[in-house]
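A.B. asks: Input: one structure, supplied below.
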Amino acid sequence: MASFDYSALTVDGIRAGLAAGDFSAREIAEAALARIEAADAKVNAFLQLIPDAALAAADAVDAAVAAGKLNELGPLAGVPVGFKDNMNLLGTRTTCGSHMLENYESMYTATCVQRLLDAGGLPMGKLNMDEFAFGSSTETSAFGTTKNPWDLERVPGGSSGGSAAAVAAGMLPITLGSDTGGSIRQPASFCGVVGVKPTYGLVSRYGVVAFGSSLDQVGPFARTVRDAALAMNALVGHDPLDCTSQPCTTDFTANLEQGVEGMRIGVVPEFMTAQGLEPEVGEAVLDAIQKLASAGAEIVEVDLPNAAAAMSAYYVIGPSEAFSNLSRFDSVRYGLCDPGHADLGSQYEASRSRGFGPEARRRIMLGSYLLSAGVYDTYYYPAQQVRTLITDDYRMAFGECDCILAPASPRTAFKFGEITDPTTMHLSDIFTISINIAGNGGMSVPLGLGKDSKLPVSAQLICPWFQDENMLRVAAALEREYGAAELPPAFASGRAGE
Ligand code: GLN
């Protein structure tokens, strides 16, 4: 039994403890493994644990500390980290939650993963997700559902459900997810943790299995805004292996303490009256607006007249890009192979039918149709025009405000099996999708528990391109009002879901 409370530690707390000799990185890794063993029996966030790699990384940190070189180690020295299973890490499988890649061994390490390791992170394992990141509940994973630590009968959200749940249950302080239409922000909201989708281009996607390449972005989950900012510091920057990645030398922790005095916070009236917005979520967001106003922010109404069309544009652009990206899983070069067919066409058909689950097949068939001759001009081309309109809406709105505050998810976490109709499931993302369409940064910040459901509720912050540090600044101000994310009672110190 560790002499320290592992689940309560922040990134700064780990560093301070290492410096003071309160514990070693090996003890941290062992405490993380013990915590995961106990809590994940209930939550099922992990698809693969890598204790040997974690302990080896911990020993390297301890050797540096012993040599008096803690200061030379990166910002995440000794911090246990985990990765959504669409991110390659040498020595692990990268399954994307799919039978198609059930046995796929990573051939190299994704840049985002490598950056956390270079920053001193201890790699603990790979985390569950909706198959190929298609979904909002982690129910489409081929390897079982992940449970929401706040209520084990509810979904953690998705598609990065394992990454959100691992943080919420106190198993890991930092995890990575990917967000194409809301897959970091919505599960962060359901699990009551911080989740950041950085501006498109801030984080390299090299080595992350692509879903929609013009929409995908990698970002961190954490229990505190500062931990998320420290993870951002490690993650961002140009990568010669991803031509969409941008240079960035921002310190995302620099203005967390500055407060919101004099900042202009935009509120979008159509979001606050959207159909399907649960009253307790709407009220929590209004309360957050009030609190920012009391803290000295100027609240301004902004219009996003075309945002209502974002969902339609996304379900054209997303499946079209997914269809192209997933064509590489041909059972020859990559992916499950159903052998013994007389010709290649039958082999493709049989392998892909067996390898992909229903939601992946739906997206592939939709994308194939949307890009076919004759249909392309009717859907794909107009969707790109709508994309330009939405991008312009955000550009105009950010002429009048520094950051937008909106709901992240229209509702709190739902029960397993509660939503079976794909269209209703897709509506989980009504407040997040337009941000991927426009490429802005967005993040989910916990606002405590809903007054009726007693489940986590949250707000979403949206920033102009490459001004993510201002979004984190507002998030830090909200965190001071509402308190940092807490562990659910069943997973509080020393408890693991019983
Ligand atoms: N839930 C959305 C979808 O199903 C978004 C997924 C994502 O961001 N990866 O496409």
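Starting from 1 in every chain, residues are counted up; chains themselves are A, B, ... following the order of the structure tokens, and ligands are numbered from 1 as listed.
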Using only C-alpha atoms, what does the table of segment 313-417 of chain A residues within 12 Å of segment 450-454 of chain A look like, with each row giving the shortest atom pair and its distance in Å to one decimal, sorted by chain and ascending number, as JSON lines?
C.D. replies:
```
{"residue": "A:Arg411", "atom": "CA", "partner": "A:Gly450", "partner_atom": "CA", "distance": 9.8}
{"residue": "A:Thr412", "atom": "CA", "partner": "A:Ser453", "partner_atom": "CA", "distance": 7.8}
{"residue": "A:Ala413", "atom": "CA", "partner": "A:Ser453", "partner_atom": "CA", "distance": 9.4}
{"residue": "A:Phe414", "atom": "CA", "partner": "A:Ser453", "partner_atom": "CA", "distance": 10.6}
```
A.B. asks: Which residues are near segment 87-100 of chain A? Cut-off 8 Å, only C-alpha atoms, ignore same chain within fewer than 6 positions. Put them as a ChimeraX atom specification.
C.D. replies: /A:48,50,106-110,113,126,128-133,140-143,207-209,329,335-336,352,354-357
A.B. asks: Hey, which residues come within 9 Å of ligand 1 if we count only C-alpha atoms and all ligand atoms? Could you give them as an MDAnalysis selection string?
C.D. replies: chainID A and resid 130 132:137 157:160 178:186 211:212 215:217 314:315 318:319 359 363 422 425:429 432:433 436
A.B. asks: Considering only C-alpha atoms, give me a table of residues in segment 125-170 of chain A that are at most 12 Å from segment 2-14 of chain A, with the closest atom pair and distance in Å for each, as a Markdown table.
C.D. replies:
```
| residue | atom | partner | partner_atom | distance |
| --- | --- | --- | --- | --- |
| A:Ala166 | CA | A:Ser7 | CA | 10.8 |
| A:Val167 | CA | A:Ser7 | CA | 9.2 |
| A:Ala168 | CA | A:Ser7 | CA | 9.8 |
| A:Ala169 | CA | A:Ser7 | CA | 8.2 |
| A:Gly170 | CA | A:Ser7 | CA | 4.7 |
```
A.B. asks: When distances are computed from only C-alpha atoms, which of A:Ile390, A:Pro123, A:Ala31, A:Lys42 shows the smallest separation from Ala56 of chain A?
C.D. replies: A:Pro123
A.B. asks: How would you write, as a PyMOL selection string, the set of residues in segment 101-345 of chain A that DSSP gives as strand (DSSP E or B)?
C.D. replies: chain A and resi 105+122-127+148+151+154+174-179+194-197+208+217-222+239+242+264-267+298-301
A.B. asks: With distances taken over only C-alpha atoms, which residue among A:Pro240, A:Tyr379, A:Tyr104, A:Ser163 lies nearest Arg205 of chain A?
C.D. replies: A:Pro240
A.B. asks: My list of candidates is A:Asn86, A:Thr145, A:Ser331, A:Ser24. Which is closest to Ala64 of chain A when distances are computed with only C-alpha atoms?
C.D. replies: A:Ser24
A.B. asks: My list of candidates is A:His341, A:Ala297, A:Ala322, A:Tyr334. Which is closest to Gly367 of chain A when distances are computed with only C-alpha atoms?
C.D. replies: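 Of all the options, A:Ala322 lies closest to Gly367 of chain A.
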A.B. asks: So which one's closest to Ala58 of chain A, A:Leu73, A:Glu498, A:Gly121, A:Gly17? Using only C-alpha atoms, please.
C.D. replies: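 Answer, going by the shortest atom-to-atom distance: A:Gly121.
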A.B. asks: Which of segment 199-402 of chain A counts as alpha helix (DSSP H) under DSSP, as JSON, numbers by chain please?
C.D. replies: {"A": [225, 226, 227, 228, 229, 230, 231, 232, 233, 234, 235, 269, 270, 271, 272, 279, 280, 281, 282, 283, 284, 285, 286, 287, 288, 289, 290, 291, 292, 293, 294, 310, 311, 312, 313, 314, 315, 316, 317, 318, 319, 320, 321, 322, 323, 324, 325, 326, 344, 345, 346, 347, 348, 349, 350, 351, 352, 353, 354, 355, 358, 359, 360, 361, 362, 363, 364, 365, 366, 367, 368, 369, 370, 376, 377, 378, 379, 380, 381, 382, 383, 384, 385, 386, 387, 388, 389, 390, 391, 392, 393, 394, 395, 396, 397, 398, 399, 400]}
A.B. asks: Near segment 253-264 of chain A, within 12 Å and counting only C-alpha atoms, which residues show up once chain neighbours fewer than 6 positions away are dropped, as a PyMOL selection string?
C.D. replies: chain A and resi 12+75+224-234+289+291-302+397-405+463+467-481
A.B. asks: Output C-alpha atoms for every residue in the selection just made, as an mmCIF file, in the first residue's frame.
C.D. replies:
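Result went into again.cif, see below:
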```
data_model
loop_
_atom_site.group_PDB
_atom_site.id
_atom_site.type_symbol
_atom_site.label_atom_id
_atom_site.label_comp_id
_atom_site.auth_asym_id
_atom_site.auth_seq_id
_atom_site.Cartn_x
_atom_site.Cartn_y
_atom_site.Cartn_z
ATOM 1 C CA ASP A 12 2.818 19.511 -10.018
ATOM 2 C CA PRO A 75 7.122 18.793 -17.658
ATOM 3 C CA THR A 224 -7.270 20.161 -13.574
ATOM 4 C CA VAL A 225 -6.892 22.931 -16.126
ATOM 5 C CA ARG A 226 -3.247 23.356 -15.179
ATOM 6 C CA ASP A 227 -2.520 19.663 -15.785
ATOM 7 C CA ALA A 228 -4.167 19.975 -19.203
ATOM 8 C CA ALA A 229 -2.065 23.074 -19.935
ATOM 9 C CA LEU A 230 1.135 21.249 -18.936
ATOM 10 C CA ALA A 231 0.185 18.391 -21.258
ATOM 11 C CA MET A 232 -0.447 20.926 -24.037
ATOM 12 C CA ASN A 233 3.045 22.343 -23.496
ATOM 13 C CA ALA A 234 4.460 18.877 -24.135
ATOM 14 C CA ILE A 289 -21.840 33.010 -17.699
ATOM 15 C CA LYS A 291 -19.920 33.875 -12.658
ATOM 16 C CA LEU A 292 -17.618 35.079 -15.433
ATOM 17 C CA ALA A 293 -19.548 38.357 -15.544
ATOM 18 C CA SER A 294 -19.116 38.743 -11.769
ATOM 19 C CA ALA A 295 -15.410 38.049 -12.191
ATOM 20 C CA GLY A 296 -15.165 41.043 -14.523
ATOM 21 C CA ALA A 297 -15.721 39.615 -17.993
ATOM 22 C CA GLU A 298 -17.852 41.477 -20.496
ATOM 23 C CA ILE A 299 -20.585 39.201 -21.856
ATOM 24 C CA VAL A 300 -21.509 39.819 -25.496
ATOM 25 C CA GLU A 301 -24.031 38.062 -27.718
ATOM 26 C CA VAL A 302 -22.576 36.686 -30.924
ATOM 27 C CA ALA A 397 -17.868 36.289 -33.990
ATOM 28 C CA PHE A 398 -14.287 36.464 -32.801
ATOM 29 C CA GLY A 399 -14.165 40.048 -34.012
ATOM 30 C CA GLU A 400 -16.512 40.779 -31.131
ATOM 31 C CA CYS A 401 -15.281 38.464 -28.389
ATOM 32 C CA ASP A 402 -12.125 36.723 -27.167
ATOM 33 C CA CYS A 403 -13.679 33.388 -26.296
ATOM 34 C CA ILE A 404 -17.132 31.805 -26.674
ATOM 35 C CA LEU A 405 -18.885 29.981 -23.845
ATOM 36 C CA CYS A 463 -11.267 30.165 -29.011
ATOM 37 C CA GLN A 467 -5.376 31.350 -29.114
ATOM 38 C CA ASP A 468 -5.856 28.243 -27.023
ATOM 39 C CA GLU A 469 -3.981 29.831 -24.108
ATOM 40 C CA ASN A 470 -6.855 32.312 -23.688
ATOM 41 C CA MET A 471 -9.393 29.500 -23.609
ATOM 42 C CA LEU A 472 -7.346 27.803 -20.874
ATOM 43 C CA ARG A 473 -7.226 31.107 -19.005
ATOM 44 C CA VAL A 474 -11.033 31.310 -18.953
ATOM 45 C CA ALA A 475 -11.200 27.627 -17.997
ATOM 46 C CA ALA A 476 -8.897 28.288 -15.042
ATOM 47 C CA ALA A 477 -11.198 31.134 -13.927
ATOM 48 C CA LEU A 478 -14.199 28.771 -14.066
ATOM 49 C CA GLU A 479 -12.246 26.142 -12.157
ATOM 50 C CA ARG A 480 -11.623 28.651 -9.374
ATOM 51 C CA GLU A 481 -15.400 29.187 -9.168
#
```
A.B. asks: With only C-alpha atoms as the counted atoms, please give the residues lying no more than 12 Å from Tyr394 of chain A, apart from itself and same-chain residues fewer than 6 positions off, as a ChimeraX atom specification.
C.D. replies: /A:266,268,302-307,387-388,400-404,434-441,462-465
A.B. asks: Quick one: residues within 8 Å of Tyr206 of chain A, only C-alpha atoms, excluding same-chain residues fewer than 6 positions away - as a ChimeraX atom specification?
C.D. replies: /A:110-112,241-242
A.B. asks: Can you write just those residues out, C-alpha atoms, as a short mmCIF file (atom, residue, chain, number, x, y, z; two decimals), in the first residue's frame?
C.D. replies:
```cif
data_model
loop_
_atom_site.label_atom_id
_atom_site.label_comp_id
_atom_site.auth_asym_id
_atom_site.auth_seq_id
_atom_site.Cartn_x
_atom_site.Cartn_y
_atom_site.Cartn_z
CA ALA A 110 2.94 8.44 -32.96
CA THR A 111 4.45 11.90 -32.49
CA CYS A 112 1.87 12.92 -29.84
CA LEU A 241 5.91 14.18 -40.43
CA ASP A 242 2.55 16.01 -40.37
#
```
